[in-house]
file start_33.txt (compact mmCIF, C-alpha atoms and all ligand atoms)
# COMPACT_ATOMS: atom_id res chain seq x y z
CA MET T 1 -21.68 -1.63 0.45
CA ILE T 2 -19.68 -3.70 -2.03
CA LEU T 3 -16.08 -3.83 -0.84
CA GLY T 4 -13.06 -3.43 -3.08
CA HIS T 5 -11.04 -0.25 -3.48
CA GLU T 6 -8.15 -1.69 -5.52
CA ASN T 7 -9.49 -2.18 -9.01
CA THR T 8 -8.14 -2.91 -12.45
CA GLY T 9 -10.35 -3.73 -15.40
CA GLU T 10 -11.60 -3.46 -18.93
CA VAL T 11 -14.07 -0.75 -19.86
CA VAL T 12 -17.34 -2.36 -20.97
CA GLU T 13 -19.51 0.74 -21.22
CA VAL T 14 -18.92 4.50 -21.17
CA GLY T 15 -21.26 7.20 -19.93
CA ARG T 16 -22.60 10.07 -22.03
CA ASP T 17 -20.03 12.63 -20.88
CA VAL T 18 -16.93 10.47 -21.23
CA GLU T 19 -14.85 11.80 -24.12
CA PHE T 20 -11.53 9.98 -24.18
CA ILE T 21 -11.82 6.64 -22.42
CA LYS T 22 -13.21 4.02 -24.82
CA LYS T 23 -14.93 0.68 -24.53
CA GLY T 24 -12.25 -2.02 -24.51
CA ASP T 25 -9.57 0.05 -22.77
CA LEU T 26 -7.63 -1.69 -20.01
CA VAL T 27 -7.37 0.60 -17.03
CA SER T 28 -6.26 0.99 -13.45
CA VAL T 29 -8.78 2.66 -11.10
CA PRO T 30 -7.14 4.85 -8.44
CA PHE T 31 -8.78 4.07 -5.10
CA ASN T 32 -9.37 7.78 -4.40
CA VAL T 33 -12.61 8.93 -6.00
CA SER T 34 -11.82 12.38 -7.36
CA CYS T 35 -13.44 14.94 -9.65
CA GLY T 36 -10.32 16.46 -11.25
CA ARG T 37 -11.93 19.91 -11.11
CA CYS T 38 -11.87 21.14 -7.51
CA ARG T 39 -9.03 23.17 -6.02
CA ASN T 40 -7.46 20.16 -4.28
CA CYS T 41 -7.61 17.89 -7.34
CA ARG T 42 -6.14 20.65 -9.49
CA GLU T 43 -3.25 20.90 -7.04
CA GLY T 44 -2.65 17.13 -7.34
CA HIS T 45 -4.37 16.26 -4.06
CA THR T 46 -6.90 13.77 -5.37
CA GLU T 47 -6.96 12.11 -1.92
CA ILE T 48 -8.87 15.11 -0.56
CA CYS T 49 -11.24 15.87 -3.43
CA MET T 50 -13.88 18.35 -2.34
CA ASN T 51 -16.74 17.12 -4.54
CA VAL T 52 -17.15 13.37 -4.03
CA ASN T 53 -18.20 13.01 -0.41
CA PRO T 54 -20.59 15.51 1.23
CA ALA T 55 -19.38 14.48 4.72
CA ILE T 56 -15.63 15.12 4.33
CA PRO T 57 -13.24 16.02 1.47
CA CYS T 58 -12.16 12.43 0.76
CA GLY T 59 -13.81 9.70 -1.30
CA ALA T 60 -12.92 6.08 -1.92
CA TYR T 61 -14.57 3.00 -3.42
CA GLY T 62 -15.86 0.31 -1.09
CA PHE T 63 -15.49 2.28 2.14
CA ASN T 64 -17.84 4.48 4.04
CA LEU T 65 -16.37 7.45 2.17
CA GLY T 66 -18.96 8.93 -0.12
CA GLY T 67 -20.97 5.75 -0.71
CA TRP T 68 -19.06 4.68 -3.83
CA GLN T 69 -19.47 0.95 -4.42
CA GLY T 70 -16.30 -1.14 -4.62
CA GLY T 71 -15.06 -3.55 -7.25
CA GLN T 72 -15.15 -6.98 -5.62
CA ALA T 73 -17.90 -7.76 -8.09
CA GLU T 74 -18.26 -8.48 -11.80
CA TYR T 75 -18.69 -4.78 -12.68
CA MET T 76 -18.25 -1.37 -11.08
CA MET T 77 -18.97 2.25 -11.97
CA VAL T 78 -16.23 4.87 -12.07
CA PRO T 79 -17.22 8.57 -12.05
CA TYR T 80 -15.14 11.27 -13.79
CA ALA T 81 -13.60 8.48 -15.87
CA ASP T 82 -11.55 10.66 -18.26
CA PHE T 83 -9.73 12.19 -15.32
CA ALA T 84 -9.64 9.25 -12.96
CA LEU T 85 -8.70 6.23 -15.04
CA LEU T 86 -5.16 5.33 -15.97
CA LYS T 87 -5.25 3.65 -19.38
CA PHE T 88 -2.59 1.04 -20.14
CA PRO T 89 -1.12 2.11 -23.50
CA ASP T 90 -0.84 -1.34 -25.08
CA LYS T 91 -3.17 -4.19 -24.09
CA ASP T 92 -0.83 -7.05 -25.01
CA GLN T 93 2.09 -5.45 -23.22
CA ALA T 94 -0.16 -4.77 -20.22
CA MET T 95 -1.33 -8.37 -20.04
CA GLU T 96 2.30 -9.52 -19.82
CA HIS T 97 2.63 -7.49 -16.61
CA ILE T 98 -0.97 -7.57 -15.44
CA LEU T 99 -0.32 -8.93 -11.94
CA GLU T 100 2.08 -6.10 -11.14
CA LEU T 101 -0.20 -3.53 -12.80
CA THR T 102 -3.00 -4.45 -10.38
CA PHE T 103 -0.93 -2.87 -7.58
CA LEU T 104 -1.20 0.57 -9.25
CA SER T 105 -4.66 1.30 -7.87
CA ASP T 106 -3.42 1.54 -4.28
CA ILE T 107 -0.62 -0.32 -2.53
CA LEU T 108 2.24 0.43 -4.91
CA PRO T 109 1.63 4.20 -5.14
CA THR T 110 0.90 4.20 -1.40
CA GLY T 111 4.20 2.50 -0.56
CA PHE T 112 5.97 4.78 -3.04
CA HIS T 113 4.28 7.87 -1.59
CA GLY T 114 5.36 6.79 1.91
CA CYS T 115 8.96 6.65 0.69
CA VAL T 116 8.75 9.94 -1.24
CA ILE T 117 7.32 11.90 1.70
CA ALA T 118 9.94 10.31 3.97
CA GLY T 119 12.58 11.72 1.61
CA VAL T 120 13.98 8.42 0.30
CA LYS T 121 16.60 9.03 -2.38
CA PRO T 122 19.72 7.37 -3.83
CA GLY T 123 21.94 6.12 -1.02
CA SER T 124 19.34 6.52 1.75
CA THR T 125 18.96 4.18 4.67
CA VAL T 126 15.29 3.39 5.20
CA TYR T 127 13.33 1.68 7.96
CA ILE T 128 9.90 0.46 6.86
CA ALA T 129 7.57 -0.49 9.70
CA GLY T 130 5.21 -3.29 8.67
CA ALA T 131 5.63 -6.17 6.23
CA GLY T 132 2.01 -6.20 5.08
CA PRO T 133 1.12 -5.46 1.44
CA VAL T 134 1.79 -1.72 1.82
CA GLY T 135 5.11 -2.28 3.61
CA ARG T 136 6.20 -4.80 0.97
CA ALA T 137 5.23 -2.38 -1.81
CA ALA T 138 7.27 0.29 0.02
CA THR T 139 10.38 -1.93 -0.02
CA ALA T 140 10.24 -2.25 -3.80
CA SER T 141 9.57 1.51 -4.03
CA ALA T 142 12.60 2.34 -1.87
CA ARG T 143 14.67 0.16 -4.18
CA LEU T 144 13.34 1.96 -7.26
CA LEU T 145 14.26 5.28 -5.61
CA GLY T 146 17.83 4.02 -5.11
CA ALA T 147 17.96 3.49 -1.34
CA TRP T 148 21.07 1.74 -0.06
CA ALA T 149 19.79 -0.10 3.01
CA ILE T 150 16.12 -1.12 3.15
CA ILE T 151 15.14 -2.58 6.51
CA VAL T 152 11.65 -3.92 7.20
CA GLY T 153 10.29 -4.50 10.72
CA ASP T 154 7.38 -6.70 11.82
CA THR T 155 6.60 -9.55 14.19
CA ASN T 156 5.02 -11.70 11.50
CA LYS T 157 7.68 -14.29 10.71
CA GLU T 158 6.04 -15.53 7.52
CA ARG T 159 5.86 -11.99 6.11
CA LEU T 160 9.42 -11.20 7.20
CA ALA T 161 10.62 -14.41 5.50
CA VAL T 162 9.07 -13.29 2.19
CA VAL T 163 10.77 -9.90 2.49
CA LYS T 164 14.12 -11.46 3.43
CA LYS T 165 13.93 -13.94 0.53
CA ALA T 166 13.34 -11.02 -1.84
CA GLY T 167 16.67 -9.53 -0.74
CA TYR T 168 15.80 -6.90 1.87
CA GLU T 169 16.97 -6.64 5.48
CA VAL T 170 14.49 -7.50 8.21
CA VAL T 171 14.12 -6.93 11.94
CA ASP T 172 11.78 -8.87 14.21
CA ILE T 173 10.43 -6.27 16.62
CA SER T 174 9.23 -8.94 19.08
CA LYS T 175 12.86 -9.72 19.94
CA THR T 176 14.45 -8.47 23.17
CA ALA T 177 16.98 -6.37 21.24
CA SER T 178 15.61 -2.87 20.69
CA LEU T 179 14.78 -1.50 17.25
CA ALA T 180 17.84 0.77 17.36
CA ASP T 181 20.08 -2.19 18.38
CA GLN T 182 18.82 -4.24 15.47
CA ILE T 183 19.25 -1.35 13.02
CA GLU T 184 22.81 -0.83 14.30
CA ALA T 185 23.60 -4.50 13.68
CA ILE T 186 22.69 -3.97 10.00
CA VAL T 187 23.95 -0.48 9.06
CA GLY T 188 26.49 0.17 11.83
CA VAL T 189 24.65 3.17 13.31
CA ARG T 190 21.55 3.35 15.50
CA GLU T 191 19.51 5.46 13.12
CA VAL T 192 18.24 5.69 9.56
CA ASP T 193 17.73 8.59 7.17
CA CYS T 194 14.07 7.84 6.53
CA GLY T 195 11.25 5.97 8.26
CA VAL T 196 7.99 4.81 6.67
CA ASP T 197 4.97 3.84 8.77
CA CYS T 198 3.13 1.06 6.92
CA VAL T 199 1.23 -0.08 10.00
CA GLY T 200 -1.02 2.68 11.35
CA PHE T 201 -3.03 2.71 14.58
CA GLU T 202 -3.46 -1.08 14.71
CA SER T 203 0.15 -1.51 15.80
CA HIS T 204 1.59 -3.49 18.65
CA GLY T 205 4.53 -2.64 20.88
CA TYR T 206 8.16 -3.80 20.87
CA GLY T 207 9.78 -6.73 22.66
CA PRO T 208 8.56 -10.19 23.61
CA GLY T 209 4.89 -10.39 24.56
CA ALA T 210 4.13 -6.72 23.81
CA GLY T 211 0.44 -5.95 23.40
CA GLU T 212 -1.40 -3.36 21.33
CA ASP T 213 0.14 0.09 21.30
CA SER T 214 -1.37 2.47 18.76
CA ALA T 215 1.53 4.93 18.90
CA ALA T 216 4.34 2.34 18.87
CA VAL T 217 5.31 2.85 15.25
CA LEU T 218 5.22 6.66 15.41
CA ASN T 219 7.31 6.71 18.60
CA GLY T 220 9.68 4.09 17.16
CA LEU T 221 10.23 6.24 14.05
CA LEU T 222 10.72 9.39 16.13
CA GLU T 223 13.48 7.48 17.91
CA VAL T 224 15.33 5.81 15.03
CA VAL T 225 15.02 8.42 12.28
CA ARG T 226 18.15 10.59 12.34
CA PHE T 227 18.30 14.29 13.27
CA GLY T 228 16.92 16.10 10.22
CA GLY T 229 15.54 12.88 8.75
CA GLY T 230 12.10 12.23 7.29
CA MET T 231 9.04 10.24 8.33
CA GLY T 232 6.36 9.17 5.84
CA ILE T 233 3.12 7.97 7.40
CA PRO T 234 0.72 6.29 4.97
CA GLY T 235 -0.44 3.98 7.84
CA VAL T 236 -3.95 5.00 8.87
CA TYR T 237 -4.78 6.84 12.13
CA ILE T 238 -8.43 7.56 12.74
CA ALA T 239 -10.82 9.12 15.17
CA GLY T 240 -13.80 7.02 16.13
CA ASP T 241 -12.22 3.57 16.48
CA LEU T 242 -14.68 1.87 18.84
CA GLU T 243 -12.08 -0.76 19.79
CA ALA T 244 -9.44 1.83 20.79
CA CYS T 245 -7.72 1.16 24.14
CA ASN T 246 -8.87 4.41 25.79
CA GLU T 247 -11.11 7.45 25.36
CA THR T 248 -8.30 9.68 24.07
CA GLU T 249 -7.46 7.30 21.25
CA LYS T 250 -11.15 6.90 20.46
CA GLN T 251 -11.03 10.63 19.69
CA GLY T 252 -7.99 10.06 17.42
CA SER T 253 -5.36 11.46 19.84
CA TYR T 254 -2.25 9.34 20.30
CA ASN T 255 0.42 9.37 22.96
CA LEU T 256 3.44 10.69 21.04
CA ASP T 257 6.94 11.34 22.43
CA PHE T 258 6.93 14.53 20.42
CA GLY T 259 8.76 16.62 23.01
CA LYS T 260 11.63 14.16 22.95
CA ALA T 261 11.74 14.18 19.18
CA TRP T 262 11.22 17.88 18.47
CA ILE T 263 14.88 18.77 18.86
CA LYS T 264 15.69 16.35 16.04
CA SER T 265 13.97 18.64 13.49
CA PRO T 266 12.13 15.78 11.86
CA SER T 267 10.05 16.14 8.74
CA LEU T 268 6.79 14.32 9.17
CA ARG T 269 4.08 13.84 6.56
CA ALA T 270 0.96 11.73 6.77
CA GLY T 271 -2.20 11.06 4.85
CA GLN T 272 -3.86 9.12 2.11
CA CYS T 273 -1.94 8.62 -1.12
CA PRO T 274 -2.92 10.77 -4.12
CA VAL T 275 -2.66 7.80 -6.49
CA VAL T 276 -2.78 9.68 -9.81
CA LYS T 277 0.33 11.60 -8.83
CA TYR T 278 2.43 8.44 -9.09
CA SER T 279 0.54 5.75 -10.96
CA ARG T 280 1.52 6.66 -14.52
CA ASP T 281 5.23 6.77 -13.68
CA LEU T 282 5.03 3.50 -11.79
CA MET T 283 3.06 1.94 -14.69
CA MET T 284 5.88 2.86 -17.09
CA ALA T 285 8.47 1.45 -14.67
CA ILE T 286 6.53 -1.84 -14.57
CA LEU T 287 5.84 -1.99 -18.32
CA TRP T 288 9.47 -1.37 -19.20
CA GLY T 289 10.89 -3.94 -16.79
CA ARG T 290 12.24 -1.54 -14.18
CA MET T 291 10.35 -3.20 -11.32
CA ASP T 292 10.70 -6.88 -12.15
CA TYR T 293 11.57 -7.48 -8.50
CA LEU T 294 8.10 -6.36 -7.39
CA SER T 295 6.26 -9.69 -7.79
CA GLU T 296 8.54 -11.67 -5.54
CA VAL T 297 8.07 -9.42 -2.53
CA MET T 298 4.30 -9.05 -3.13
CA ASN T 299 3.81 -12.84 -3.19
CA VAL T 300 0.60 -12.92 -5.23
CA GLU T 301 -2.13 -15.51 -5.50
CA VAL T 302 -4.96 -15.10 -7.99
CA VAL T 303 -8.41 -16.32 -6.92
CA SER T 304 -11.78 -16.50 -8.65
CA LEU T 305 -14.66 -14.46 -7.21
CA ASP T 306 -16.18 -17.54 -5.55
CA ARG T 307 -12.94 -18.14 -3.60
CA THR T 308 -12.99 -14.62 -2.15
CA ILE T 309 -14.32 -15.64 1.26
CA GLU T 310 -11.59 -18.25 1.59
CA ALA T 311 -9.00 -15.62 0.60
CA TYR T 312 -10.41 -13.17 3.18
CA ARG T 313 -10.12 -15.85 5.90
CA THR T 314 -6.48 -16.48 5.02
CA PHE T 315 -5.70 -12.77 4.79
CA ASP T 316 -7.39 -12.15 8.13
CA GLU T 317 -4.73 -14.38 9.70
CA ASP T 318 -2.08 -11.91 8.44
CA SER T 319 -1.08 -14.16 5.56
CA ALA T 320 2.08 -13.31 3.65
CA LYS T 321 0.11 -13.60 0.40
CA GLN T 322 -1.50 -10.80 -1.55
CA PHE T 323 -4.69 -11.97 -3.23
CA ILE T 324 -5.94 -10.77 -6.60
CA ILE T 325 -9.58 -11.52 -7.32
CA ASP T 326 -10.23 -12.37 -10.97
CA PRO T 327 -14.05 -12.13 -11.35
CA HIS T 328 -14.18 -12.92 -15.07
CA ASN T 329 -11.24 -15.35 -15.16
CA SER T 330 -9.58 -12.82 -17.46
CA LEU T 331 -6.14 -14.03 -16.51
CA LYS T 332 -7.03 -17.52 -17.68
CA LYS T 333 -8.25 -16.18 -21.00
CA ALA T 334 -5.34 -13.83 -21.51
CA THR T 335 -2.50 -14.45 -23.91
CA ILE T 336 0.15 -14.52 -21.26
CA ASP T 337 3.23 -16.53 -20.47
CA ARG T 338 1.48 -19.23 -18.48
CA ARG T 339 4.72 -20.65 -17.18
CA VAL T 340 5.52 -17.41 -15.37
CA ILE T 341 2.03 -17.13 -13.90
CA PHE T 342 2.11 -20.81 -12.94
CA ASP T 343 5.26 -20.27 -10.94
CA ARG T 344 3.77 -17.32 -9.14
CA VAL T 345 0.32 -18.68 -8.37
CA PRO T 346 0.56 -22.45 -7.98
CA HIS T 347 -2.78 -22.68 -6.14
CA SER T 348 -4.85 -20.62 -8.51
CA GLU T 349 -7.69 -22.73 -9.88
CA SER T 350 -8.35 -20.28 -12.65
CA ILE T 351 -4.86 -20.79 -14.02
CA HIS T 352 -4.76 -24.57 -13.52
CA LYS T 353 -7.93 -25.24 -15.53
N1 LIG E 401 -2.38 6.22 3.10
C1 LIG E 401 -3.01 5.47 2.21
O1 LIG E 401 -3.42 5.94 1.15
C2 LIG E 401 -3.18 4.01 2.48
C3 LIG E 401 -3.50 3.13 1.45
C4 LIG E 401 -3.57 1.77 1.73
C5 LIG E 401 -3.36 1.32 3.01
N2 LIG E 401 -3.09 2.21 4.01
C6 LIG E 401 -2.81 1.79 5.39
O2 LIG E 401 -1.48 1.32 5.46
C7 LIG E 401 -1.38 0.45 6.59
C8 LIG E 401 -0.76 -0.88 6.16
O3 LIG E 401 -1.62 -1.56 5.26
P1 LIG E 401 -1.47 -3.14 5.05
O4 LIG E 401 -2.57 -3.56 4.16
O5 LIG E 401 -0.06 -3.47 4.65
O6 LIG E 401 -1.77 -3.63 6.56
P2 LIG E 401 -1.56 -5.02 7.30
O7 LIG E 401 -2.41 -4.96 8.53
O8 LIG E 401 -1.75 -6.18 6.36
O9 LIG E 401 -0.01 -5.01 7.73
C9 LIG E 401 0.47 -4.32 8.84
C10 LIG E 401 1.66 -5.10 9.40
O10 LIG E 401 2.23 -4.32 10.46
C11 LIG E 401 2.72 -5.21 11.44
N3 LIG E 401 2.94 -4.47 12.71
C12 LIG E 401 2.12 -4.24 13.76
N4 LIG E 401 2.73 -3.47 14.68
C13 LIG E 401 3.98 -3.20 14.20
C14 LIG E 401 5.07 -2.43 14.69
N5 LIG E 401 5.03 -1.80 15.88
N6 LIG E 401 6.19 -2.36 13.92
C15 LIG E 401 6.27 -2.99 12.72
N7 LIG E 401 5.25 -3.74 12.21
C16 LIG E 401 4.12 -3.83 12.95
C17 LIG E 401 1.64 -6.29 11.50
O11 LIG E 401 2.13 -7.49 12.10
C18 LIG E 401 1.29 -6.46 10.02
O12 LIG E 401 2.07 -7.47 9.39
C19 LIG E 401 -2.81 0.31 7.16
O13 LIG E 401 -2.99 1.28 8.18
C20 LIG E 401 -3.66 0.67 5.95
O14 LIG E 401 -4.96 1.09 6.31
C21 LIG E 401 -2.98 3.53 3.76
ZN ZN E 402 -11.84 17.13 -6.79
call {"tool": "encode", "arguments": {"input": "start_33.txt", "output": "structure tokens"}}
result
Amino acid sequence: MILGHENTGEVVEVGRDVEFIKKGDLVSVPFNVSCGRCRNCREGHTEICMNVNPAIPCGAYGFNLGGWQGGQAEYMMVPYADFALLKFPDKDQAMEHILELTFLSDILPTGFHGCVIAGVKPGSTVYIAGAGPVGRAATASARLLGAWAIIVGDTNKERLAVVKKAGYEVVDISKTASLADQIEAIVGVREVDCGVDCVGFESHGYGPGAGEDSAAVLNGLLEVVRFGGGMGIPGVYIAGDLEACNETEKQGSYNLDFGKAWIKSPSLRAGQCPVVKYSRDLMMAILWGRMDYLSEVMNVEVVSLDRTIEAYRTFDEDSAKQFIIDPHNSLKKATIDRRVIFDRVPHSESIHK
């Protein structure tokens, strides 16, 4: 299996049945493999396409979800290309924003989806659990949606520092002060309108020295999201995790304080992001300078394909960087403002040469 579900590229060849996508087009590849023809796709639910994975209605590149090979390679194949691909309307304009446009295949729509299903709107207060790539993309999304207070929680100090520097509020959940205490210190009340889970089942608990606790984020959101508020859960919860703490969690059941929370009438939505639902709108926002604040919080470094292993090692240590692999050194060849790229990716060999 070739890894790589977040792909952006140039079309080098089109199959016999492709009518509208042309060789030379610059495109974003949504990470959900989807046919565009089944009932779910036609209802906008490309994350649960019924025709791309015989085992379960859900396909993705580079995972064990339908056997579709990923894009951490020189080339990849995209089925149902006319439906699936998002074409950038102008290549020169796209290359000026290409780093941000690479986020359209997954993390930006995912962070945005998390905010949308949590009900983020102008004036909202939002707590985003997790300062990883998805959490950082969610902060920028909450800002685009007009949220007033955007608070990000994590224990990773390096990641929190990036978020703080980009102008968002942060809470360190390893502190003795509870999550609600820390939220109160920022917005004056112990709750928020909306909570977004950008962590999933690999979460740890609250307070100094807390260990793994798969339900910590869900229970934390059930506590701090206001009565009648919304929870968006793009963070992944799975059945069959062999490293789960106990048999129940191995089956995908988590220990939720749902009885305590029920009276709050929460809205709660989870699942994979249907990328095509959002990616065109977010592309336009990027192309027309409405998300210029995105790069700072994403903290990108571009690496060549042969530096991928090194990038994986760094990322595995929960680095605050987001790596973009550039297999053909296209960024080097591109007619782009090198000064801007230089500032953003000082260690990128492909740009230095
Ligand atoms: N729904 C989708 O379509 C979709 C798409 C992409 C990613 N995801 C999922 O989103 C989640 C986040 O992805 P990522 O790449 O940013 O992950 P990541 O592992 O890089 O980041 C998660 C962060 O959460 C922090 N964390 C752990 N416990 C916490 C807690 N209790 N409170 C707050 N922060 C806590 C970690 O320190 C880490 O920095 C993962 O579960 C990923 O699989 C879902
Ligand atoms: Zn389908």
call {"tool": "residues_near_ligand", "arguments": {"input": "start_33.txt", "ligand": "ligand ZN 402 (chain E)", "cutoff": "9 Å", "atoms": "all atoms listed in the file", "output": "PDB file with C-alpha atoms, in the frame of the given file"}}
result
ATOM      1  CA  VAL T  33     -12.610   8.930  -6.000  1.00  0.00           C
ATOM      2  CA  SER T  34     -11.820  12.380  -7.360  1.00  0.00           C
ATOM      3  CA  CYS T  35     -13.440  14.940  -9.650  1.00  0.00           C
ATOM      4  CA  GLY T  36     -10.320  16.460 -11.250  1.00  0.00           C
ATOM      5  CA  ARG T  37     -11.930  19.910 -11.110  1.00  0.00           C
ATOM      6  CA  CYS T  38     -11.870  21.140  -7.510  1.00  0.00           C
ATOM      7  CA  ARG T  39      -9.030  23.170  -6.020  1.00  0.00           C
ATOM      8  CA  ASN T  40      -7.460  20.160  -4.280  1.00  0.00           C
ATOM      9  CA  CYS T  41      -7.610  17.890  -7.340  1.00  0.00           C
ATOM     10  CA  ARG T  42      -6.140  20.650  -9.490  1.00  0.00           C
ATOM     11  CA  HIS T  45      -4.370  16.260  -4.060  1.00  0.00           C
ATOM     12  CA  THR T  46      -6.900  13.770  -5.370  1.00  0.00           C
ATOM     13  CA  GLU T  47      -6.960  12.110  -1.920  1.00  0.00           C
ATOM     14  CA  ILE T  48      -8.870  15.110  -0.560  1.00  0.00           C
ATOM     15  CA  CYS T  49     -11.240  15.870  -3.430  1.00  0.00           C
ATOM     16  CA  MET T  50     -13.880  18.350  -2.340  1.00  0.00           C
ATOM     17  CA  ASN T  51     -16.740  17.120  -4.540  1.00  0.00           C
ATOM     18  CA  VAL T  52     -17.150  13.370  -4.030  1.00  0.00           C
ATOM     19  CA  PRO T  57     -13.240  16.020   1.470  1.00  0.00           C
ATOM     20  CA  CYS T  58     -12.160  12.430   0.760  1.00  0.00           C
TER      21      CYS T  58
END
call {"tool": "closest_residue", "arguments": {"input": "start_33.txt", "among": "T:Ser174, T:Phe227, T:Thr8, T:Ile238", "to": "T:Leu99", "atoms": "all atoms listed in the file"}}
result
T:Thr8
call {"tool": "residues_near_ligand", "arguments": {"input": "start_33.txt", "ligand": "ligand LIG 401 (chain E)", "cutoff": "6 Å", "atoms": "only C-alpha atoms and all ligand atoms", "output": "JSON list (two decimals) with C-alpha atoms, keeping the file's coordinate frame"}}
result
[["chain", "number", "residue", "atom", "x", "y", "z"],
["T", 106, "ASP", "CA", -3.42, 1.54, -4.28],
["T", 107, "ILE", "CA", -0.62, -0.32, -2.53],
["T", 110, "THR", "CA", 0.90, 4.20, -1.40],
["T", 129, "ALA", "CA", 7.57, -0.49, 9.70],
["T", 130, "GLY", "CA", 5.21, -3.29, 8.67],
["T", 131, "ALA", "CA", 5.63, -6.17, 6.23],
["T", 132, "GLY", "CA", 2.01, -6.20, 5.08],
["T", 133, "PRO", "CA", 1.12, -5.46, 1.44],
["T", 134, "VAL", "CA", 1.79, -1.72, 1.82],
["T", 135, "GLY", "CA", 5.11, -2.28, 3.61],
["T", 153, "GLY", "CA", 10.29, -4.50, 10.72],
["T", 154, "ASP", "CA", 7.38, -6.70, 11.82],
["T", 155, "THR", "CA", 6.60, -9.55, 14.19],
["T", 156, "ASN", "CA", 5.02, -11.70, 11.50],
["T", 198, "CYS", "CA", 3.13, 1.06, 6.92],
["T", 199, "VAL", "CA", 1.23, -0.08, 10.00],
["T", 200, "GLY", "CA", -1.02, 2.68, 11.35],
["T", 203, "SER", "CA", 0.15, -1.51, 15.80],
["T", 204, "HIS", "CA", 1.59, -3.49, 18.65],
["T", 205, "GLY", "CA", 4.53, -2.64, 20.88],
["T", 216, "ALA", "CA", 4.34, 2.34, 18.87],
["T", 217, "VAL", "CA", 5.31, 2.85, 15.25],
["T", 234, "PRO", "CA", 0.72, 6.29, 4.97],
["T", 235, "GLY", "CA", -0.44, 3.98, 7.84],
["T", 236, "VAL", "CA", -3.95, 5.00, 8.87],
["T", 271, "GLY", "CA", -2.20, 11.06, 4.85],
["T", 272, "GLN", "CA", -3.86, 9.12, 2.11],
["T", 273, "CYS", "CA", -1.94, 8.62, -1.12]]
call {"tool": "closest_residue", "arguments": {"input": "start_33.txt", "among": "T:Lys22, T:Lys157, T:Lys164, T:Lys332", "to": "T:Val302", "atoms": "only C-alpha atoms"}}
result
T:Lys332
call {"tool": "residues_near_point", "arguments": {"input": "start_33.txt", "point": "(-14.9, -1.0, -1.5)", "cutoff": "12 Å", "atoms": "all atoms listed in the file", "output": "CSV table (one decimal) with C-alpha atoms, in the frame of the given file"}}
result
chain,number,residue,atom,x,y,z
T,1,MET,CA,-21.7,-1.6,0.4
T,2,ILE,CA,-19.7,-3.7,-2.0
T,3,LEU,CA,-16.1,-3.8,-0.8
T,4,GLY,CA,-13.1,-3.4,-3.1
T,5,HIS,CA,-11.0,-0.2,-3.5
T,6,GLU,CA,-8.2,-1.7,-5.5
T,7,ASN,CA,-9.5,-2.2,-9.0
T,29,VAL,CA,-8.8,2.7,-11.1
T,30,PRO,CA,-7.1,4.8,-8.4
T,31,PHE,CA,-8.8,4.1,-5.1
T,32,ASN,CA,-9.4,7.8,-4.4
T,33,VAL,CA,-12.6,8.9,-6.0
T,59,GLY,CA,-13.8,9.7,-1.3
T,60,ALA,CA,-12.9,6.1,-1.9
T,61,TYR,CA,-14.6,3.0,-3.4
T,62,GLY,CA,-15.9,0.3,-1.1
T,63,PHE,CA,-15.5,2.3,2.1
T,64,ASN,CA,-17.8,4.5,4.0
T,65,LEU,CA,-16.4,7.4,2.2
T,66,GLY,CA,-19.0,8.9,-0.1
T,67,GLY,CA,-21.0,5.8,-0.7
T,68,TRP,CA,-19.1,4.7,-3.8
T,69,GLN,CA,-19.5,1.0,-4.4
T,70,GLY,CA,-16.3,-1.1,-4.6
T,71,GLY,CA,-15.1,-3.6,-7.2
T,72,GLN,CA,-15.2,-7.0,-5.6
T,73,ALA,CA,-17.9,-7.8,-8.1
T,76,MET,CA,-18.2,-1.4,-11.1
T,77,MET,CA,-19.0,2.2,-12.0
call {"tool": "closest_atom_pairs", "arguments": {"input": "start_33.txt", "of": "stretch 46-161 of chain T", "to": "stretch 176-192 of chain T", "cutoff": "9 Å", "atoms": "all atoms listed in the file", "output": "JSON lines"}}
result
{"residue": "T:Ser124", "atom": "CA", "partner": "T:Val192", "partner_atom": "CA", "distance": 7.9}
{"residue": "T:Thr125", "atom": "CA", "partner": "T:Val192", "partner_atom": "CA", "distance": 5.2}
{"residue": "T:Val126", "atom": "CA", "partner": "T:Val192", "partner_atom": "CA", "distance": 5.7}
{"residue": "T:Tyr127", "atom": "CA", "partner": "T:Val192", "partner_atom": "CA", "distance": 6.5}
{"residue": "T:Ala149", "atom": "CA", "partner": "T:Val187", "partner_atom": "CA", "distance": 7.4}
{"residue": "T:Ile151", "atom": "CA", "partner": "T:Ile183", "partner_atom": "CA", "distance": 7.8}
{"residue": "T:Gly153", "atom": "CA", "partner": "T:Leu179", "partner_atom": "CA", "distance": 8.5}
